[in-house]
>>> print(open('start_0.cif').read())   # mmCIF, C-alpha atoms
data_input
loop_
_atom_site.group_PDB
_atom_site.id
_atom_site.type_symbol
_atom_site.label_atom_id
_atom_site.label_comp_id
_atom_site.auth_asym_id
_atom_site.auth_seq_id
_atom_site.Cartn_x
_atom_site.Cartn_y
_atom_site.Cartn_z
ATOM 1 C CA MET A 1 -58.539 85.895 217.352
ATOM 2 C CA PHE A 2 -54.879 86.078 218.429
ATOM 3 C CA LYS A 3 -54.305 87.838 221.748
ATOM 4 C CA PHE A 4 -51.071 89.701 222.491
ATOM 5 C CA ILE A 5 -49.315 91.453 225.362
ATOM 6 C CA ILE A 6 -46.938 94.329 224.519
ATOM 7 C CA THR A 7 -43.983 95.174 226.743
ATOM 8 C CA GLY A 8 -42.892 98.758 226.293
ATOM 9 C CA ALA A 9 -46.527 99.507 225.481
ATOM 10 C CA CYS A 10 -46.291 103.278 225.955
ATOM 11 C CA GLY A 11 -42.999 103.681 224.114
ATOM 12 C CA LYS A 12 -42.583 104.648 220.466
ATOM 13 C CA MET A 13 -42.593 101.092 219.115
ATOM 14 C CA GLY A 14 -45.393 100.053 221.435
ATOM 15 C CA LYS A 15 -47.624 102.774 219.997
ATOM 16 C CA VAL A 16 -46.764 101.808 216.417
ATOM 17 C CA ILE A 17 -47.526 98.153 217.140
ATOM 18 C CA GLN A 18 -50.867 99.170 218.616
ATOM 19 C CA SER A 19 -51.642 101.056 215.397
ATOM 20 C CA VAL A 20 -50.672 98.079 213.214
ATOM 21 C CA VAL A 21 -52.779 95.660 215.268
ATOM 22 C CA SER A 22 -55.788 98.004 215.163
ATOM 23 C CA GLU A 23 -55.827 97.670 211.374
ATOM 24 C CA ARG A 24 -56.041 93.874 211.481
ATOM 25 C CA ASP A 25 -59.110 91.776 212.204
ATOM 26 C CA ASP A 26 -57.292 88.607 213.294
ATOM 27 C CA CYS A 27 -55.546 89.848 216.442
ATOM 28 C CA GLU A 28 -55.857 92.209 219.399
ATOM 29 C CA ILE A 29 -53.798 93.607 222.266
ATOM 30 C CA ILE A 30 -55.224 92.529 225.599
ATOM 31 C CA ALA A 31 -52.600 94.041 227.934
ATOM 32 C CA GLY A 32 -49.477 96.138 228.026
ATOM 33 C CA VAL A 33 -46.467 96.501 230.287
ATOM 34 C CA ASP A 34 -44.709 99.807 230.874
ATOM 35 C CA LYS A 35 -43.212 101.444 233.935
ATOM 36 C CA TYR A 36 -44.434 104.807 232.660
ATOM 37 C CA ASN A 37 -48.156 104.429 231.935
ATOM 38 C CA ASP A 38 -49.432 107.360 229.891
ATOM 39 C CA GLY A 39 -53.033 106.400 230.614
ATOM 40 C CA LEU A 40 -53.930 106.585 226.921
ATOM 41 C CA ARG A 41 -53.899 102.886 225.990
ATOM 42 C CA PRO A 42 -57.258 101.139 225.303
ATOM 43 C CA PHE A 43 -56.084 98.117 227.330
ATOM 44 C CA PRO A 44 -54.751 97.662 230.873
ATOM 45 C CA VAL A 45 -51.086 98.596 231.335
ATOM 46 C CA TYR A 46 -49.111 97.025 234.174
ATOM 47 C CA GLU A 47 -45.860 98.248 235.677
ATOM 48 C CA SER A 48 -44.387 94.725 235.613
ATOM 49 C CA ILE A 49 -45.155 91.734 233.415
ATOM 50 C CA SER A 50 -45.490 89.584 236.555
ATOM 51 C CA GLU A 51 -48.664 91.574 237.346
ATOM 52 C CA VAL A 52 -50.414 90.723 234.062
ATOM 53 C CA LYS A 53 -53.600 88.734 234.654
ATOM 54 C CA GLU A 54 -54.690 88.247 231.034
ATOM 55 C CA LYS A 55 -53.720 85.102 229.096
ATOM 56 C CA ALA A 56 -52.146 85.808 225.724
ATOM 57 C CA ASP A 57 -51.006 83.801 222.703
ATOM 58 C CA ALA A 58 -47.742 85.752 222.544
ATOM 59 C CA VAL A 59 -45.793 88.606 224.103
ATOM 60 C CA ILE A 60 -44.312 91.231 221.771
ATOM 61 C CA ASP A 61 -41.290 92.784 223.453
ATOM 62 C CA PHE A 62 -39.906 96.215 222.601
ATOM 63 C CA SER A 63 -38.772 97.295 226.041
ATOM 64 C CA ASN A 64 -35.279 97.358 227.529
ATOM 65 C CA PRO A 65 -32.521 94.728 227.885
ATOM 66 C CA SER A 66 -32.564 95.235 231.667
ATOM 67 C CA LEU A 67 -36.076 93.724 231.773
ATOM 68 C CA LEU A 68 -35.088 90.444 230.111
ATOM 69 C CA ASP A 69 -35.111 88.398 233.330
ATOM 70 C CA ASP A 70 -38.721 89.297 234.153
ATOM 71 C CA LEU A 71 -39.798 88.751 230.546
ATOM 72 C CA LEU A 72 -38.269 85.284 230.259
ATOM 73 C CA ASN A 73 -39.442 84.240 233.727
ATOM 74 C CA TYR A 74 -43.021 85.147 232.821
ATOM 75 C CA CYS A 75 -42.938 83.422 229.426
ATOM 76 C CA THR A 76 -41.298 80.216 230.672
ATOM 77 C CA GLU A 77 -43.618 79.966 233.661
ATOM 78 C CA THR A 78 -46.785 80.575 231.621
ATOM 79 C CA LYS A 79 -45.493 78.764 228.475
ATOM 80 C CA THR A 80 -46.278 81.886 226.448
ATOM 81 C CA ALA A 81 -44.551 82.515 223.119
ATOM 82 C CA VAL A 82 -42.393 85.634 223.004
ATOM 83 C CA VAL A 83 -41.286 87.814 220.101
ATOM 84 C CA ILE A 84 -38.160 89.708 221.143
ATOM 85 C CA GLY A 85 -37.653 92.946 219.258
ATOM 86 C CA THR A 86 -35.447 94.613 221.856
ATOM 87 C CA THR A 87 -31.769 94.907 220.871
ATOM 88 C CA GLY A 88 -28.504 95.500 222.696
ATOM 89 C CA TYR A 89 -28.020 92.053 224.256
ATOM 90 C CA ASP A 90 -24.535 90.760 225.021
ATOM 91 C CA GLU A 91 -23.482 87.131 224.523
ATOM 92 C CA CYS A 92 -24.498 86.183 228.063
ATOM 93 C CA ARG A 93 -28.021 87.517 227.520
ATOM 94 C CA LYS A 94 -28.270 85.790 224.138
ATOM 95 C CA LYS A 95 -27.455 82.489 225.811
ATOM 96 C CA GLN A 96 -30.131 83.226 228.405
ATOM 97 C CA ILE A 97 -32.662 83.725 225.596
ATOM 98 C CA LYS A 98 -31.599 80.480 223.931
ATOM 99 C CA ASP A 99 -31.870 78.577 227.203
ATOM 100 C CA ALA A 100 -35.399 79.922 227.728
ATOM 101 C CA SER A 101 -36.422 78.543 224.329
ATOM 102 C CA THR A 102 -36.330 75.029 225.803
ATOM 103 C CA LYS A 103 -39.286 76.031 227.986
ATOM 104 C CA CYS A 104 -41.280 78.346 225.695
ATOM 105 C CA PRO A 105 -41.345 79.344 222.007
ATOM 106 C CA VAL A 106 -38.940 82.249 221.321
ATOM 107 C CA PHE A 107 -38.764 84.388 218.178
ATOM 108 C CA PHE A 108 -35.492 86.291 218.210
ATOM 109 C CA THR A 109 -34.031 88.404 215.435
ATOM 110 C CA TYR A 110 -31.947 91.570 215.291
ATOM 111 C CA ASN A 111 -34.351 93.170 212.845
ATOM 112 C CA MET A 112 -38.036 92.539 212.149
ATOM 113 C CA SER A 113 -37.894 93.994 208.629
ATOM 114 C CA LEU A 114 -38.431 91.613 205.718
ATOM 115 C CA GLY A 115 -36.156 93.819 203.610
ATOM 116 C CA ILE A 116 -33.254 93.569 206.059
ATOM 117 C CA ASN A 117 -33.504 89.799 206.108
ATOM 118 C CA LEU A 118 -33.473 89.788 202.321
ATOM 119 C CA LEU A 119 -30.374 92.011 202.496
ATOM 120 C CA ALA A 120 -28.681 89.432 204.721
ATOM 121 C CA ASN A 121 -29.397 86.712 202.163
ATOM 122 C CA LEU A 122 -28.063 88.881 199.334
ATOM 123 C CA ALA A 123 -24.918 89.595 201.373
ATOM 124 C CA LYS A 124 -24.368 85.876 201.884
ATOM 125 C CA LYS A 125 -24.692 85.277 198.138
ATOM 126 C CA ALA A 126 -22.303 88.134 197.344
ATOM 127 C CA THR A 127 -19.775 86.735 199.812
ATOM 128 C CA GLN A 128 -19.977 83.300 198.207
ATOM 129 C CA ILE A 129 -19.117 84.812 194.828
ATOM 130 C CA LEU A 130 -16.621 87.496 195.838
ATOM 131 C CA GLY A 131 -14.951 85.558 198.616
ATOM 132 C CA SER A 132 -11.733 86.934 200.078
ATOM 133 C CA ASP A 133 -10.931 89.071 197.026
ATOM 134 C CA PHE A 134 -13.006 91.963 198.372
ATOM 135 C CA ASP A 135 -12.710 93.926 201.604
ATOM 136 C CA ILE A 136 -16.022 94.126 203.469
ATOM 137 C CA GLU A 137 -17.234 97.119 205.477
ATOM 138 C CA ILE A 138 -20.626 97.733 207.115
ATOM 139 C CA VAL A 139 -21.985 101.225 207.787
ATOM 140 C CA GLU A 140 -25.119 101.744 209.888
ATOM 141 C CA ALA A 141 -26.959 104.933 210.821
ATOM 142 C CA HIS A 142 -29.671 105.474 213.443
ATOM 143 C CA HIS A 143 -31.346 108.265 215.408
ATOM 144 C CA ASN A 144 -29.510 110.120 218.137
ATOM 145 C CA GLN A 145 -31.425 108.343 220.925
ATOM 146 C CA LYS A 146 -30.154 104.850 220.084
ATOM 147 C CA ILE A 147 -27.933 103.537 222.863
ATOM 148 C CA ASP A 148 -26.156 100.478 221.437
ATOM 149 C CA ALA A 149 -23.514 100.615 218.715
ATOM 150 C CA PRO A 150 -22.991 98.968 216.362
ATOM 151 C CA SER A 151 -26.623 98.099 215.824
ATOM 152 C CA GLY A 152 -27.820 94.564 216.354
ATOM 153 C CA THR A 153 -28.763 94.494 212.680
ATOM 154 C CA ALA A 154 -25.212 95.381 211.625
ATOM 155 C CA LEU A 155 -23.944 92.501 213.746
ATOM 156 C CA MET A 156 -26.562 90.205 212.197
ATOM 157 C CA LEU A 157 -25.352 91.155 208.715
ATOM 158 C CA ALA A 158 -21.730 90.613 209.702
ATOM 159 C CA ASP A 159 -22.576 87.206 211.170
ATOM 160 C CA ALA A 160 -24.388 86.226 207.951
ATOM 161 C CA ILE A 161 -21.333 87.219 205.899
ATOM 162 C CA ASN A 162 -18.978 85.403 208.263
ATOM 163 C CA GLU A 163 -20.869 82.157 207.738
ATOM 164 C CA GLU A 164 -19.779 82.205 204.098
ATOM 165 C CA LEU A 165 -16.093 83.059 204.585
ATOM 166 C CA GLU A 166 -13.490 80.281 204.501
ATOM 167 C CA MET A 167 -11.682 81.937 207.414
ATOM 168 C CA PRO A 168 -14.034 83.803 209.783
ATOM 169 C CA ALA A 169 -13.247 87.513 209.985
ATOM 170 C CA LYS A 170 -12.858 89.558 213.129
ATOM 171 C CA TYR A 171 -14.996 92.648 213.599
ATOM 172 C CA GLU A 172 -13.063 95.912 213.671
ATOM 173 C CA TYR A 173 -15.021 98.625 215.492
ATOM 174 C CA ASP A 174 -12.495 101.388 216.044
ATOM 175 C CA ARG A 175 -9.513 102.056 213.808
ATOM 176 C CA HIS A 176 -8.575 105.473 215.133
ATOM 177 C CA VAL A 177 -6.454 103.948 217.892
ATOM 178 C CA LYS A 178 -4.332 102.098 215.325
ATOM 179 C CA ARG A 179 -1.533 103.165 213.017
ATOM 180 C CA GLU A 180 -1.490 100.216 210.635
ATOM 181 C CA LYS A 181 -2.964 98.996 207.376
ATOM 182 C CA ARG A 182 -6.275 97.229 207.193
ATOM 183 C CA THR A 183 -5.927 93.458 207.416
ATOM 184 C CA LYS A 184 -7.718 91.109 205.040
ATOM 185 C CA ASN A 185 -9.226 89.134 207.885
ATOM 186 C CA GLU A 186 -11.640 91.770 209.186
ATOM 187 C CA ILE A 187 -15.053 93.316 208.664
ATOM 188 C CA GLY A 188 -15.122 97.007 209.468
ATOM 189 C CA MET A 189 -18.144 98.236 211.464
ATOM 190 C CA HIS A 190 -19.085 101.931 211.457
ATOM 191 C CA SER A 191 -21.890 103.644 213.387
ATOM 192 C CA ILE A 192 -23.572 106.986 212.720
ATOM 193 C CA ARG A 193 -25.992 108.574 215.200
ATOM 194 C CA GLY A 194 -28.010 111.656 214.351
ATOM 195 C CA GLY A 195 -31.407 113.271 214.009
ATOM 196 C CA ASN A 196 -34.347 110.904 213.670
ATOM 197 C CA ILE A 197 -32.807 108.395 211.242
ATOM 198 C CA VAL A 198 -34.941 105.261 211.544
ATOM 199 C CA GLY A 199 -32.380 102.795 210.261
ATOM 200 C CA GLU A 200 -29.835 102.696 207.413
ATOM 201 C CA HIS A 201 -27.542 99.768 206.660
ATOM 202 C CA GLU A 202 -25.001 99.523 203.865
ATOM 203 C CA ILE A 203 -22.609 96.678 203.076
ATOM 204 C CA ILE A 204 -19.592 97.651 200.988
ATOM 205 C CA PHE A 205 -17.596 95.061 199.026
ATOM 206 C CA ALA A 206 -14.443 96.874 197.923
ATOM 207 C CA GLY A 207 -12.204 95.115 195.408
ATOM 208 C CA ARG A 208 -9.596 96.029 192.862
ATOM 209 C CA ASP A 209 -11.019 98.804 190.671
ATOM 210 C CA GLU A 210 -14.648 98.029 191.587
ATOM 211 C CA ILE A 211 -17.005 98.530 194.495
ATOM 212 C CA ILE A 212 -20.303 96.752 195.131
ATOM 213 C CA LYS A 213 -22.801 98.175 197.636
ATOM 214 C CA LEU A 214 -25.899 96.550 199.119
ATOM 215 C CA SER A 215 -28.149 98.748 201.228
ATOM 216 C CA HIS A 216 -31.462 98.995 203.025
ATOM 217 C CA SER A 217 -33.272 102.086 204.281
ATOM 218 C CA ALA A 218 -36.145 101.971 206.766
ATOM 219 C CA ARG A 219 -38.339 105.064 206.383
ATOM 220 C CA SER A 220 -40.541 104.474 209.413
ATOM 221 C CA LYS A 221 -40.779 102.241 212.468
ATOM 222 C CA GLU A 222 -43.890 100.655 210.970
ATOM 223 C CA VAL A 223 -41.807 98.156 208.959
ATOM 224 C CA PHE A 224 -40.520 96.710 212.242
ATOM 225 C CA ALA A 225 -43.953 96.735 213.859
ATOM 226 C CA VAL A 226 -45.541 94.902 210.916
ATOM 227 C CA GLY A 227 -42.800 92.274 211.086
ATOM 228 C CA ALA A 228 -43.217 91.863 214.843
ATOM 229 C CA VAL A 229 -46.993 91.417 214.605
ATOM 230 C CA ASN A 230 -46.606 88.893 211.775
ATOM 231 C CA ALA A 231 -44.061 87.054 213.919
ATOM 232 C CA ALA A 232 -46.444 87.011 216.897
ATOM 233 C CA VAL A 233 -49.221 85.496 214.786
ATOM 234 C CA PHE A 234 -46.721 82.956 213.421
ATOM 235 C CA MET A 235 -45.580 82.008 216.939
ATOM 236 C CA ALA A 236 -49.024 81.589 218.497
ATOM 237 C CA ASP A 237 -49.179 77.804 218.041
ATOM 238 C CA LYS A 238 -45.483 76.919 217.954
ATOM 239 C CA ASP A 239 -43.694 74.419 220.160
ATOM 240 C CA CYS A 240 -40.746 75.361 222.356
ATOM 241 C CA GLY A 241 -37.636 76.345 220.424
ATOM 242 C CA MET A 242 -35.799 79.236 218.762
ATOM 243 C CA TYR A 243 -37.370 80.822 215.694
ATOM 244 C CA ASP A 244 -36.331 83.715 213.479
ATOM 245 C CA MET A 245 -37.269 85.490 210.256
ATOM 246 C CA ALA A 246 -35.943 82.621 208.136
ATOM 247 C CA GLU A 247 -38.832 80.413 209.322
ATOM 248 C CA LEU A 248 -41.366 83.194 208.896
ATOM 249 C CA ILE A 249 -40.505 83.972 205.273
ATOM 250 C CA LYS A 250 -40.187 80.383 204.016
#
>>> encode(input="start_0.cif", output="structure tokens")
Amino acid sequence: MFKFIITGACGKMGKVIQSVVSERDDCEIIAGVDKYNDGLRPFPVYESISEVKEKADAVIDFSNPSLLDDLLNYCTETKTAVVIGTTGYDECRKKQIKDASTKCPVFFTYNMSLGINLLANLAKKATQILGSDFDIEIVEAHHNQKIDAPSGTALMLADAINEELEMPAKYEYDRHVKREKRTKNEIGMHSIRGGNIVGEHEIIFAGRDEIIKLSHSARSKEVFAVGAVNAAVFMADKDCGMYDMAELIK
């Protein structure tokens, strides 16, 4: 039986993860971490991860970027695997995560959905074929409570595309301040925030007289929770190092 700790246990994703785990017979949640304990979880919930007494096979993190220090300190000190589902990290924080992977197993991806990771692979293939003959734009849409923009997933898709370009493109986030034509050496990034949109991502390849679109639509948060739980099971016996969805779906 795999034993997990959830950070952000009383938040929206924490509750969905609890539901996903409850439907499996190979794993269980033994503790949660949340500053705002709703008192409704069937496991102990601590205000800080440093207070957790239970020993787990992995930590599933859907909390807040500001809590990264405590999370990584706990996991490196206890040698516990961690699945990081929180987004919104800058380059400094990403390096911090990578450095921690030398002391504990770390699963880090911008999106836990199998479909999104397939989309990234399809985008890479399209870029190989279309090359620099097509302009590339990425449009993402999320609910009105999402703080970071563009989404981490949009950046992941752009990075995947950039790996296949002969000359890496710059990311253009805001054209309204410019009065000039689009350059060839850029990937446009556009963010929409509204309602309760779970997650929409579209990659547009615009060429001469033809347009190719690749898209993914998440209809519920459960797709991310299922991916995170699968990742936690996958990470339970792994050695120190960085892991992502590519290893999981091999």
>>> resolve_selection(input="start_0.cif", expression="the PyMOL selection byres ((chain A and resi 220) around 9)", output="PyMOL selection string")
chain A and resi 197-199+218-219+221-224
>>> closest_residue(input="start_0.cif", among="A:Asn162, A:Thr183, A:Ser113, A:Asn144", to="Asn196 of chain A", atoms="all atoms listed in the file")
A:Asn144
>>> residues_around(input="start_0.cif", residues="Ile203 of chain A", least_positions_apart="5", cutoff="7 Å", atoms="all atoms listed in the file", output="PyMOL selection string")
chain A and resi 137-139+213-215
>>> closest_residue(input="start_0.cif", among="A:Tyr46, A:Tyr173, A:Phe134, A:Phe107", to="Asp239 of chain A", atoms="all atoms listed in the file")
A:Phe107
>>> resolve_selection(input="start_0.cif", expression="the PyMOL selection byres ((chain A and resi 53) around 12)", output="PyMOL selection string")
chain A and resi 5+30-33+44-46+48-52+54-56+74+78
>>> residues_around(input="start_0.cif", residues="Thr86 of chain A", least_positions_apart="6", cutoff="9 Å", atoms="all atoms listed in the file", output="ChimeraX atom specification")
/A:61-65,110
>>> closest_residue(input="start_0.cif", among="A:His142, A:Ile84, A:Glu247, A:Val20", to="Gly194 of chain A", atoms="only C-alpha atoms")
A:His142
>>> resolve_selection(input="start_0.cif", expression="the PyMOL selection byres ((chain A and resi 151) around 12)", output="PyMOL selection string")
chain A and resi 86-90+110-111+138-143+146-150+152-158+173+189-193+198-201
>>> closest_residue(input="start_0.cif", among="A:Lys94, A:Lys12, A:Arg179, A:Lys125", to="Leu165 of chain A", atoms="all atoms listed in the file")
A:Lys125
>>> closest_residue(input="start_0.cif", among="A:Asp26, A:Asp70, A:Asp135, A:Asp34", to="Ile161 of chain A", atoms="only C-alpha atoms")
A:Asp135
>>> closest_residue(input="start_0.cif", among="A:Asp159, A:Phe205, A:Gly14, A:Gly8", to="Leu130 of chain A", atoms="only C-alpha atoms")
A:Phe205
>>> residues_around(input="start_0.cif", residues="Ala126 of chain A", least_positions_apart="2", cutoff="10 Å", atoms="all atoms listed in the file", output="list in words")
Ala120, Asn121, Leu122, Ala123, Lys124, Gln128, Ile129, Leu130, Gly131, Ile161, Glu164, Phe205, Ile212 and Leu214 of chain A
>>> write_last_selection(input="start_0.cif", atoms="C-alpha atoms", output="PDB file, in the coordinates of the input")
ATOM      1  CA  ALA A 120     -28.681  89.432 204.721  1.00  0.00           C
ATOM      2  CA  ASN A 121     -29.397  86.712 202.163  1.00  0.00           C
ATOM      3  CA  LEU A 122     -28.063  88.881 199.334  1.00  0.00           C
ATOM      4  CA  ALA A 123     -24.918  89.595 201.373  1.00  0.00           C
ATOM      5  CA  LYS A 124     -24.368  85.876 201.884  1.00  0.00           C
ATOM      6  CA  GLN A 128     -19.977  83.300 198.207  1.00  0.00           C
ATOM      7  CA  ILE A 129     -19.117  84.812 194.828  1.00  0.00           C
ATOM      8  CA  LEU A 130     -16.621  87.496 195.838  1.00  0.00           C
ATOM      9  CA  GLY A 131     -14.951  85.558 198.616  1.00  0.00           C
ATOM     10  CA  ILE A 161     -21.333  87.219 205.899  1.00  0.00           C
ATOM     11  CA  GLU A 164     -19.779  82.205 204.098  1.00  0.00           C
ATOM     12  CA  PHE A 205     -17.596  95.061 199.026  1.00  0.00           C
ATOM     13  CA  ILE A 212     -20.303  96.752 195.131  1.00  0.00           C
ATOM     14  CA  LEU A 214     -25.899  96.550 199.119  1.00  0.00           C
TER      15      LEU A 214
END
